[in-house]
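Raw contents of start_5.cif, mmCIF, C-alpha atoms and all ligand atoms:
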data_query
#
loop_
_atom_site.label_atom_id
_atom_site.label_comp_id
_atom_site.auth_asym_id
_atom_site.auth_seq_id
_atom_site.Cartn_x
_atom_site.Cartn_y
_atom_site.Cartn_z
CA MET A 1 13.58 31.59 32.69
CA THR A 2 10.45 29.44 32.40
CA LEU A 3 11.13 25.97 31.10
CA GLU A 4 8.14 24.27 29.49
CA PRO A 5 8.23 20.51 30.05
CA PHE A 6 9.31 18.75 26.85
CA LEU A 7 6.47 16.26 27.00
CA LEU A 8 7.63 13.85 24.32
CA GLU A 9 11.10 13.50 25.82
CA ARG A 10 9.60 13.29 29.34
CA ILE A 11 7.39 10.31 28.54
CA GLN A 12 10.26 8.61 26.70
CA SER A 13 12.76 9.37 29.46
CA LYS A 14 10.46 7.97 32.08
CA TRP A 15 9.13 4.89 30.35
CA GLU A 16 11.02 3.76 27.25
CA HIS A 17 13.35 1.47 29.22
CA ILE A 18 10.69 0.37 31.70
CA VAL A 19 7.88 -0.87 29.43
CA ASP A 20 7.96 -4.33 27.87
CA ILE A 21 7.47 -2.92 24.39
CA ASN A 22 8.63 0.49 23.28
CA LEU A 23 7.30 1.80 19.97
CA THR A 24 8.42 5.42 20.39
CA GLU A 25 11.78 5.26 18.61
CA SER A 26 11.93 7.33 15.45
CA GLY A 27 15.24 6.04 14.10
CA VAL A 28 16.25 2.65 12.76
CA LEU A 29 17.33 -0.31 14.87
CA PRO A 30 20.67 0.65 16.51
CA LEU A 31 23.94 -0.98 15.54
CA SER A 32 26.47 -2.39 17.99
CA ILE A 33 30.07 -1.12 17.98
CA ARG A 34 31.13 -4.48 16.53
CA GLU A 35 28.64 -4.16 13.69
CA LEU A 36 29.89 -0.65 12.99
CA VAL A 37 33.55 -1.72 13.11
CA PRO A 38 33.65 -5.36 11.99
CA ASP A 39 37.38 -5.26 11.22
CA GLU A 40 39.21 -6.68 14.27
CA ASN A 41 42.36 -4.58 13.75
CA GLU A 42 40.41 -1.38 13.36
CA LEU A 43 38.36 -2.23 16.44
CA THR A 44 41.45 -3.01 18.51
CA GLU A 45 43.04 0.25 17.38
CA MET A 46 39.91 2.12 18.39
CA LEU A 47 39.93 0.45 21.82
CA ARG A 48 43.44 1.83 22.41
CA THR A 49 42.07 5.41 22.36
CA PRO A 50 42.97 7.12 25.65
CA LEU A 51 39.77 8.38 27.26
CA GLY A 52 40.80 12.02 27.35
CA TYR A 53 38.93 15.14 26.35
CA SER A 54 38.54 15.35 22.62
CA GLN A 55 39.08 18.39 20.37
CA THR A 56 36.14 20.34 21.70
CA ASN A 57 34.51 21.40 18.43
CA GLY A 58 35.09 17.93 16.92
CA THR A 59 38.35 16.51 15.56
CA MET A 60 39.55 17.82 12.23
CA LEU A 61 39.03 14.37 10.66
CA LEU A 62 35.40 14.27 11.76
CA ARG A 63 34.64 17.86 10.80
CA GLU A 64 36.17 17.23 7.38
CA ALA A 65 34.05 14.12 6.93
CA ILE A 66 30.94 16.14 7.85
CA ALA A 67 31.92 19.09 5.64
CA ASP A 68 32.32 16.73 2.68
CA MET A 69 28.55 16.12 2.81
CA TYR A 70 27.79 19.83 2.33
CA PRO A 71 29.17 21.35 -0.87
CA GLY A 72 30.70 24.73 -0.08
CA ALA A 73 31.44 23.87 3.56
CA THR A 74 34.83 23.21 5.14
CA ALA A 75 35.74 21.95 8.62
CA GLU A 76 35.57 25.58 9.81
CA ASN A 77 31.83 25.68 9.11
CA ILE A 78 31.15 22.75 11.44
CA LEU A 79 30.58 22.38 15.17
CA VAL A 80 30.29 18.81 16.46
CA THR A 81 27.74 18.48 19.27
CA ASN A 82 26.24 15.91 21.60
CA GLY A 83 23.38 14.86 19.33
CA GLY A 84 21.01 16.91 17.23
CA ALA A 85 19.42 17.99 20.52
CA GLU A 86 22.51 19.97 21.55
CA ALA A 87 22.89 21.25 18.00
CA ASN A 88 19.37 22.75 18.08
CA PHE A 89 19.83 24.01 21.64
CA LEU A 90 23.08 25.84 20.91
CA THR A 91 21.78 27.30 17.67
CA ILE A 92 18.67 28.82 19.19
CA TRP A 93 20.44 29.98 22.35
CA ASN A 94 23.21 31.55 20.30
CA LEU A 95 20.95 33.25 17.74
CA LEU A 96 18.69 34.70 20.43
CA SER A 97 21.59 35.85 22.58
CA GLU A 98 23.54 37.45 19.75
CA SER A 99 20.53 39.21 18.22
CA ASP A 100 20.01 42.87 19.13
CA ARG A 101 16.34 43.08 18.32
CA GLN A 102 14.78 40.14 16.52
CA ASN A 103 13.45 37.51 18.88
CA GLN A 104 10.81 35.62 16.90
CA VAL A 105 11.24 31.99 15.96
CA ILE A 106 8.77 30.86 13.32
CA MET A 107 8.43 27.13 13.77
CA MET A 108 7.04 24.44 11.52
CA GLN A 109 4.27 22.42 13.17
CA PRO A 110 3.70 19.58 13.85
CA ASN A 111 7.28 19.06 14.94
CA TYR A 112 9.68 17.68 17.49
CA ASN A 113 8.86 20.33 20.07
CA GLN A 114 12.34 21.14 21.31
CA ILE A 115 13.02 24.44 19.57
CA ASN A 116 9.83 26.11 20.86
CA GLY A 117 10.67 25.12 24.45
CA ILE A 118 14.19 26.52 24.19
CA THR A 119 13.00 29.70 22.49
CA THR A 120 10.54 30.60 25.22
CA ALA A 121 13.05 29.64 27.92
CA PHE A 122 15.53 32.15 26.47
CA GLY A 123 12.92 34.90 26.22
CA GLY A 124 12.11 34.53 22.53
CA VAL A 125 8.68 34.38 20.93
CA VAL A 126 7.47 31.32 19.04
CA ARG A 127 5.04 31.59 16.17
CA PRO A 128 3.84 28.47 14.37
CA TYR A 129 3.29 27.78 10.70
CA TYR A 130 1.68 24.54 9.71
CA LEU A 131 2.02 21.51 7.56
CA GLU A 132 -1.39 20.82 6.14
CA MET A 133 -2.88 17.91 4.28
CA HIS A 134 -3.00 18.56 0.55
CA HIS A 135 -3.99 15.74 -1.83
CA ASP A 136 -2.96 13.12 0.70
CA LYS A 137 0.40 14.83 1.37
CA TRP A 138 1.62 17.03 4.17
CA VAL A 139 2.86 20.33 2.77
CA PRO A 140 3.81 23.64 4.44
CA ASP A 141 1.05 26.23 4.41
CA ILE A 142 3.05 29.08 2.90
CA GLU A 143 0.24 31.55 3.56
CA SER A 144 0.34 30.83 7.31
CA LEU A 145 4.11 31.33 7.18
CA LYS A 146 3.70 34.69 5.44
CA GLU A 147 1.22 35.75 8.11
CA GLN A 148 3.67 34.96 10.89
CA VAL A 149 6.89 36.56 9.66
CA SER A 150 7.68 40.16 10.53
CA LYS A 151 10.67 42.42 11.02
CA GLU A 152 11.06 40.80 14.44
CA THR A 153 11.66 37.40 12.84
CA LEU A 154 15.05 35.99 13.71
CA VAL A 155 14.78 32.48 12.33
CA ILE A 156 12.35 30.23 10.46
CA THR A 157 12.69 26.57 11.32
CA ILE A 158 12.21 23.58 9.07
CA CYS A 159 12.21 19.93 10.05
CA ASN A 160 12.93 17.95 6.89
CA PRO A 161 12.20 15.04 6.70
CA ASN A 162 9.57 15.92 9.26
CA ASN A 163 8.94 14.42 12.67
CA PRO A 164 6.18 13.26 13.30
CA THR A 165 4.69 12.95 9.80
CA GLY A 166 7.69 11.44 8.01
CA THR A 167 7.00 13.76 5.10
CA ILE A 168 9.73 15.22 2.88
CA ILE A 169 9.25 18.87 2.02
CA GLY A 170 9.46 19.47 -1.74
CA SER A 171 12.06 21.83 -3.18
CA ASP A 172 9.40 24.27 -4.45
CA TYR A 173 8.18 24.75 -0.87
CA LEU A 174 11.72 25.08 0.49
CA GLN A 175 12.38 27.72 -2.13
CA ALA A 176 9.25 29.59 -1.04
CA VAL A 177 10.38 29.47 2.61
CA ALA A 178 13.83 30.73 1.59
CA GLU A 179 12.31 33.63 -0.34
CA ILE A 180 10.21 34.65 2.65
CA ALA A 181 13.22 34.38 4.97
CA GLY A 182 15.24 36.44 2.47
CA ASP A 183 12.61 39.20 2.43
CA TYR A 184 13.16 39.65 6.17
CA GLY A 185 16.87 38.82 6.36
CA ALA A 186 15.97 35.93 8.69
CA TRP A 187 17.99 32.81 9.32
CA ILE A 188 16.63 29.38 8.41
CA LEU A 189 17.36 26.54 10.80
CA SER A 190 16.83 23.23 9.03
CA ASP A 191 16.77 20.19 11.32
CA GLU A 192 17.67 17.30 9.03
CA VAL A 193 18.14 14.44 11.50
CA TYR A 194 15.95 12.11 9.42
CA GLN A 195 17.95 12.69 6.24
CA GLY A 196 19.13 9.32 4.95
CA ALA A 197 16.12 7.32 6.18
CA GLU A 198 14.09 7.81 3.00
CA MET A 199 11.76 5.03 1.80
CA ASN A 200 12.87 5.51 -1.82
CA GLY A 201 16.58 5.59 -0.93
CA VAL A 202 17.00 9.08 -2.42
CA LEU A 203 18.82 11.39 -0.01
CA THR A 204 16.75 14.45 0.93
CA PRO A 205 18.69 17.49 -0.32
CA SER A 206 20.10 19.60 2.48
CA MET A 207 19.02 23.21 2.90
CA PHE A 208 22.68 24.14 3.35
CA GLY A 209 23.78 26.27 0.41
CA GLN A 210 20.22 26.73 -0.86
CA TYR A 211 19.87 29.95 1.08
CA GLU A 212 22.71 32.16 2.25
CA LYS A 213 21.57 32.17 5.88
CA ALA A 214 20.64 28.48 6.18
CA ILE A 215 22.00 26.67 9.24
CA VAL A 216 21.65 22.90 9.30
CA THR A 217 21.54 20.52 12.24
CA ASN A 218 21.87 16.76 11.90
CA SER A 219 23.07 13.72 13.83
CA LEU A 220 23.90 10.02 13.68
CA SER A 221 20.84 9.16 15.77
CA LYS A 222 18.19 8.27 13.22
CA ALA A 223 19.20 7.03 9.75
CA TYR A 224 22.63 5.85 10.92
CA GLY A 225 21.23 3.81 13.83
CA LEU A 226 23.78 5.29 16.28
CA PRO A 227 21.80 7.37 18.81
CA GLY A 228 23.91 6.07 21.70
CA LEU A 229 26.96 7.89 20.34
CA ARG A 230 25.15 11.18 21.06
CA LEU A 231 26.86 12.67 18.07
CA GLY A 232 25.42 15.55 16.11
CA TRP A 233 26.57 18.66 14.29
CA ILE A 234 25.77 22.17 13.17
CA VAL A 235 26.74 23.43 9.72
CA THR A 236 26.65 27.19 9.44
CA PRO A 237 27.49 29.26 6.37
CA GLU A 238 29.67 31.71 8.30
CA LYS A 239 32.94 30.57 9.85
CA ASP A 240 32.72 33.30 12.48
CA HIS A 241 29.34 31.97 13.41
CA ALA A 242 30.76 28.44 13.84
CA GLU A 243 33.35 29.96 16.18
CA SER A 244 30.64 31.79 18.12
CA LEU A 245 28.54 28.61 18.44
CA TRP A 246 31.64 26.76 19.62
CA SER A 247 32.11 29.28 22.45
CA TYR A 248 28.55 28.53 23.59
CA SER A 249 29.29 24.79 23.76
CA ASP A 250 32.01 25.60 26.32
CA TYR A 251 29.05 26.08 28.66
CA THR A 252 27.05 22.98 27.76
CA THR A 253 29.00 19.78 27.18
CA ILE A 254 32.53 21.08 26.36
CA CYS A 255 33.18 18.36 23.79
CA PRO A 256 31.79 15.22 22.21
CA SER A 257 32.98 11.96 23.76
CA ILE A 258 36.31 11.00 22.20
CA ILE A 259 35.03 7.51 21.42
CA SER A 260 31.94 8.93 19.73
CA ASP A 261 34.08 11.26 17.67
CA ARG A 262 36.22 8.34 16.47
CA LEU A 263 33.28 6.07 15.73
CA ALA A 264 31.47 8.90 13.94
CA THR A 265 34.54 9.47 11.76
CA ILE A 266 34.37 5.80 10.80
CA ALA A 267 30.60 5.96 10.16
CA LEU A 268 30.93 8.98 7.88
CA GLN A 269 33.61 7.65 5.53
CA PRO A 270 31.88 7.62 2.13
CA GLU A 271 31.67 3.83 1.66
CA LYS A 272 30.59 3.17 5.26
CA ARG A 273 28.03 5.96 5.10
CA LYS A 274 26.57 4.52 1.92
CA GLU A 275 26.33 1.12 3.61
CA LEU A 276 24.64 2.55 6.72
CA LEU A 277 22.11 4.55 4.74
CA ALA A 278 21.31 1.57 2.52
CA ARG A 279 20.68 -0.38 5.73
CA ALA A 280 18.32 2.38 6.93
CA THR A 281 16.32 2.27 3.71
CA THR A 282 16.07 -1.53 3.88
CA ILE A 283 14.80 -1.32 7.46
CA VAL A 284 12.28 1.48 6.91
CA ARG A 285 10.87 -0.21 3.80
CA ALA A 286 10.49 -3.65 5.35
CA SER A 287 9.06 -2.40 8.62
CA TRP A 288 6.75 0.10 6.93
CA SER A 289 5.29 -2.71 4.86
CA LEU A 290 4.36 -4.50 8.12
CA MET A 291 3.11 -1.30 9.68
CA GLU A 292 1.09 -0.32 6.62
CA GLY A 293 -0.48 -3.78 6.45
CA TRP A 294 -1.58 -3.39 10.05
CA LEU A 295 -3.01 0.10 9.46
CA ASN A 296 -4.87 -1.16 6.39
CA ASP A 297 -6.32 -4.05 8.41
CA HIS A 298 -7.77 -1.34 10.68
CA ASP A 299 -8.94 1.10 8.04
CA ASP A 300 -12.21 1.52 9.93
CA ILE A 301 -10.17 3.10 12.77
CA PHE A 302 -7.07 4.70 11.27
CA ASP A 303 -6.52 7.25 8.54
CA TYR A 304 -2.92 7.84 7.55
CA VAL A 305 -0.57 9.48 5.11
CA ALA A 306 2.31 7.14 4.30
CA PRO A 307 5.63 8.50 5.62
CA MET A 308 8.25 9.23 2.95
CA ALA A 309 11.15 8.95 5.42
CA ALA A 310 11.94 8.03 9.05
CA SER A 311 10.52 5.03 10.84
CA ILE A 312 7.53 6.85 12.25
CA CYS A 313 3.94 7.21 11.14
CA PHE A 314 1.32 9.59 12.43
CA PRO A 315 -2.11 8.02 11.91
CA LYS A 316 -5.37 9.60 13.02
CA HIS A 317 -7.78 7.37 14.93
CA ASN A 318 -11.49 7.52 15.69
CA LEU A 319 -11.42 5.54 18.95
CA PRO A 320 -13.74 6.80 21.71
CA LEU A 321 -10.96 8.31 23.84
CA SER A 322 -8.18 10.85 23.47
CA SER A 323 -4.74 9.81 22.27
CA LEU A 324 -3.32 10.74 25.66
CA GLU A 325 -5.80 8.43 27.39
CA LEU A 326 -5.11 5.64 24.94
CA VAL A 327 -1.34 6.00 25.40
CA GLU A 328 -1.71 5.99 29.19
CA ARG A 329 -3.91 2.88 29.10
CA LEU A 330 -1.51 1.07 26.79
CA ARG A 331 1.35 1.90 29.09
CA LYS A 332 -0.36 1.02 32.34
CA GLU A 333 -2.41 -1.98 31.24
CA LYS A 334 -0.22 -3.46 28.49
CA SER A 335 3.29 -2.11 29.24
CA LEU A 336 3.57 -0.69 25.73
CA LEU A 337 4.66 2.83 24.84
CA ILE A 338 3.68 4.97 21.86
CA ALA A 339 3.51 8.78 21.66
CA PRO A 340 0.25 10.75 21.76
CA GLY A 341 -0.59 13.30 19.06
CA GLU A 342 -1.19 15.88 21.79
CA TYR A 343 2.60 16.09 22.27
CA PHE A 344 2.80 17.34 18.69
CA GLY A 345 -0.20 19.65 19.06
CA MET A 346 -2.54 17.26 17.21
CA GLU A 347 -5.21 15.41 19.10
CA LYS A 348 -6.57 12.09 17.83
CA HIS A 349 -3.21 11.26 16.25
CA LEU A 350 -0.65 8.74 17.43
CA ARG A 351 3.03 8.59 16.61
CA ILE A 352 4.06 4.99 16.22
CA GLY A 353 7.70 4.06 15.63
CA PHE A 354 8.20 1.03 13.41
CA GLY A 355 11.98 0.82 12.80
CA TYR A 356 12.34 -2.29 14.95
CA SER A 357 12.85 -6.00 14.36
CA GLU A 358 9.87 -7.78 12.80
CA GLU A 359 9.30 -9.71 16.01
CA HIS A 360 9.26 -6.59 18.18
CA LEU A 361 6.96 -4.68 15.85
CA ILE A 362 4.50 -7.52 15.31
CA GLY A 363 4.45 -8.20 19.06
CA GLY A 364 3.74 -4.53 19.79
CA LEU A 365 1.01 -4.17 17.19
CA SER A 366 -0.76 -7.28 18.44
CA ILE A 367 -0.83 -5.73 21.93
CA ILE A 368 -2.39 -2.56 20.51
CA ASP A 369 -4.92 -4.90 18.81
CA GLU A 370 -5.88 -6.35 22.19
CA MET A 371 -6.49 -2.87 23.56
CA ILE A 372 -8.44 -1.72 20.51
CA SER A 373 -10.72 -4.76 20.58
CA ASN A 374 -11.76 -3.79 24.11
CA LEU A 375 -12.57 -0.25 23.01
CA ILE A 376 -14.81 -0.84 19.98
C1 LIG B 401 13.53 16.41 14.62
C2 LIG B 401 14.46 15.99 15.70
N1 LIG B 401 15.55 16.73 15.94
C3 LIG B 401 16.42 16.41 16.91
C4 LIG B 401 16.24 15.27 17.66
C5 LIG B 401 17.27 14.92 18.71
O1 LIG B 401 17.98 13.82 18.26
P1 LIG B 401 19.44 13.43 18.79
O2 LIG B 401 19.81 14.38 19.86
O3 LIG B 401 19.32 12.02 19.28
O4 LIG B 401 20.32 13.54 17.59
C6 LIG B 401 15.12 14.45 17.44
C7 LIG B 401 14.89 13.25 18.27
O5 LIG B 401 13.91 12.56 18.16
C8 LIG B 401 14.22 14.82 16.42
O6 LIG B 401 13.14 14.09 16.16
#
Will you turn the file into structure tokens for me?
Amino acid sequence: MTLEPFLLERIQSKWEHIVDINLTESGVLPLSIRELVPDENELTEMLRTPLGYSQTNGTMLLREAIADMYPGATAENILVTNGGAEANFLTIWNLLSESDRQNQVIMMQPNYNQINGITTAFGGVVRPYYLEMHHDKWVPDIESLKEQVSKETLVITICNPNNPTGTIIGSDYLQAVAEIAGDYGAWILSDEVYQGAEMNGVLTPSMFGQYEKAIVTNSLSKAYGLPGLRLGWIVTPEKDHAESLWSYSDYTTICPSIISDRLATIALQPEKRKELLARATTIVRASWSLMEGWLNDHDDIFDYVAPMAASICFPKHNLPLSSLELVERLRKEKSLLIAPGEYFGMEKHLRIGFGYSEEHLIGGLSIIDEMISNLI
């Protein structure tokens, strides 16, 4: 097994809690437990939870709350995981291990580069298809997808809304991807962790149910502002498959934390969920307006496509150094962290997270200003 370093996670793991200003987060400002559970009685009740092992595939109450978000699914279609990261890991590991012959994973790029690392580690083959710029929008290049699929194709992956571009893939494109997957009997794995953090407040439709072999991963880490719960899930159309995935999680984390399971059940009750997602939209809109103002003030340096969801943007710069060099200089000289485009396979781009408090974001951008003024 050869494990490629997961460069984005490596730089975040090493530096996000060390630098003075971190602008690498892609979700919205996290909530405290008290903000999530403001009712004193409910909070006290929650604090009485014995810290035992939880139901390992997620409690029935939580799996039912998750299933309610996916028409056609029941609790038996759900596996609760430790974040979207474990959800993706288990899905790819399981599909590759259970497949007799197909071993190709066709992966949308640019992307959060987890699935490609896992695929190669487990002996699979990764083939990219690309989002390309079309009339100031990122859209999947369906032709490049058609060129990559073959009878060896096991799964086509989608990241919608997309990291790092923040784009939402239109239903016509999703339909085209589903048709191609259908022609080859391939699975689709749709990573939807940014669902709910849309600028226009309209929930991105899930791929679940839009194609008979669509598996969805999601988590509370981004739109819900609860990454510290490490709570994610897989929704799979086949109950037997959920059972099979569950048996793989016996080897990874066994179960979600019991406290996370309880808090997630609270977060996903319909009224609470609505409240949390409205909060996400308020944050992404307000902070994008600051971020966009800053990018526009530097339109001689940055070119960008406005994100439609998630608190990340992916501008292209024309500064006289690579993004990696710029990121390293910002970290070392200014104690500020952003992510280089190279970690998403795109040089001269930067991924800047903006879902922070106004003070934090303005402070961070003014530090980038100081660096830029020394470079031009
Ligand atoms: C597209 C995507 N999927 C999955 C993850 C993992 O998220 P988590 O494990 O916190 O749910 C991330 C994290 O940034 C992501 O961007």
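Among the candidate residues A:Arg351, A:His241, A:Arg63, A:Arg262, the one lying nearest to ligand LIG 401 (chain B) is A:Arg351, with distances computed using all atoms listed in the file.
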**Message:** Around ligand LIG 401 (chain B), out to 6 Å and counting all atoms listed in the file, which residues are there? I want them as a PyMOL selection string.
**Reply:** chain A and resi 83-85+112+159+163+191+193+219+221+227+232
**Asked** Between CA of Lys239 (chain A) and CA of Ala176 (chain A), what is the distance, to one decimal in Å?
**Response** 26.1 Å
**Prompt:** Any idea what's packed within 10 Å of region 38-50 of chain A, counting only C-alpha atoms, ignoring anything in its chain fewer than 3 positions away? Could you give it as a list in words?
**Reply:**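 Contacts, with the query itself left out: Ser32, Ile33, Arg34, Glu35, Tyr53, Ser54, Ile258, Ile259, Arg262, Leu263 and Ile266 of chain A.
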**Item:** Long-range neighbours of Ile352 (chain A) as a PyMOL selection string, 10 Å cut-off, all atoms listed in the file, 2 positions minimum in chain
**Value:** chain A and resi 22-26+164+291+311-315+337-341+349-350+354-355+365
Give as a short mmCIF file (atom, residue, chain, number, x, y, z; two decimals) with C-alpha atoms, in the coordinates of the input the set of residues within 9 Å of the point (31.3, 9.1, 17.7), where distances use the file's coordinates and all atoms listed in the file.
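Saved file result-v2.cif follows:
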data_model
loop_
_atom_site.label_atom_id
_atom_site.label_comp_id
_atom_site.auth_asym_id
_atom_site.auth_seq_id
_atom_site.Cartn_x
_atom_site.Cartn_y
_atom_site.Cartn_z
CA LEU A 62 35.40 14.27 11.76
CA LEU A 220 23.90 10.02 13.68
CA LEU A 226 23.78 5.29 16.28
CA GLY A 228 23.91 6.07 21.70
CA LEU A 229 26.96 7.89 20.34
CA ARG A 230 25.15 11.18 21.06
CA LEU A 231 26.86 12.67 18.07
CA GLY A 232 25.42 15.55 16.11
CA PRO A 256 31.79 15.22 22.21
CA SER A 257 32.98 11.96 23.76
CA ILE A 258 36.31 11.00 22.20
CA ILE A 259 35.03 7.51 21.42
CA SER A 260 31.94 8.93 19.73
CA ASP A 261 34.08 11.26 17.67
CA ARG A 262 36.22 8.34 16.47
CA LEU A 263 33.28 6.07 15.73
CA ALA A 264 31.47 8.90 13.94
CA THR A 265 34.54 9.47 11.76
CA ILE A 266 34.37 5.80 10.80
CA ALA A 267 30.60 5.96 10.16
#
**Prompt:** Between CA of Val284 (chain A) and CA of Met308 (chain A), what is the distance, to one decimal in Å?
**Reply:** 9.6 Å
**Asked** Of the candidates A:Val202, A:Val305, A:Cys255, A:Ile156, which one gets nearest to Ala278 (chain A) if we count all atoms listed in the file?
**Response** A:Val202
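In this comparison, which uses all atoms listed in the file, the residue of A:Met1, A:Ala223, A:Ala306, A:Ala178 approaching Thr119 (chain A) most closely is A:Met1.
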**Item:** Selected residue of minimal separation from Leu268 (chain A) among A:Leu295, A:Tyr211, A:Met69, A:Val155, counting all atoms listed in the file
**Value:**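 Smallest distance to Leu268 (chain A) is found for A:Met69.
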**Asked** How many Å separate CA of Trp246 (chain A) from CA of Thr74 (chain A)?
**Response** 15.2 Å
**Prompt:** Looking at A:Leu326, A:Ala87, A:Lys146, A:Ser289, which one is nearest to Glu358 (chain A), with distances taken over all atoms listed in the file?
**Reply:**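 Of the candidates, the smallest distance to Glu358 (chain A) is held by A:Ser289.
Comparing A:Leu3, A:Leu361, A:Val80, A:Ala67 by their smallest distance to Gly123 (chain A), the closest is A:Leu3 (using all atoms listed in the file).
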**Message:** Applying 12 Å and all atoms listed in the file, which residues near Met133 (chain A) remain after dropping the ones on its own chain fewer than 4 positions away? List them as a list in words.
**Reply:**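 Near Met133 (chain A), the qualifying residues are Pro110, Lys137, Trp138, Val139, Pro140, Asp141, Thr165, Thr167, Tyr304, Val305 and Ala306 of chain A.
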Generate a file of the selected residues that holds C-alpha atoms, formatted as a PDB file, in the frame of the given file.
ATOM      1  CA  PRO A 110       3.700  19.580  13.850  1.00  0.00           C
ATOM      2  CA  LYS A 137       0.400  14.830   1.370  1.00  0.00           C
ATOM      3  CA  TRP A 138       1.620  17.030   4.170  1.00  0.00           C
ATOM      4  CA  VAL A 139       2.860  20.330   2.770  1.00  0.00           C
ATOM      5  CA  PRO A 140       3.810  23.640   4.440  1.00  0.00           C
ATOM      6  CA  ASP A 141       1.050  26.230   4.410  1.00  0.00           C
ATOM      7  CA  THR A 165       4.690  12.950   9.800  1.00  0.00           C
ATOM      8  CA  THR A 167       7.000  13.760   5.100  1.00  0.00           C
ATOM      9  CA  TYR A 304      -2.920   7.840   7.550  1.00  0.00           C
ATOM     10  CA  VAL A 305      -0.570   9.480   5.110  1.00  0.00           C
ATOM     11  CA  ALA A 306       2.310   7.140   4.300  1.00  0.00           C
TER      12      ALA A 306
END
**Request:** Anything within 12 Å of (10.3, 3.3, -0.3): list those residues as a PyMOL selection string, counting all atoms listed in the file and sticking to the file's coordinates.
**Result:** chain A and resi 166+196-203+278+280-289+306-311
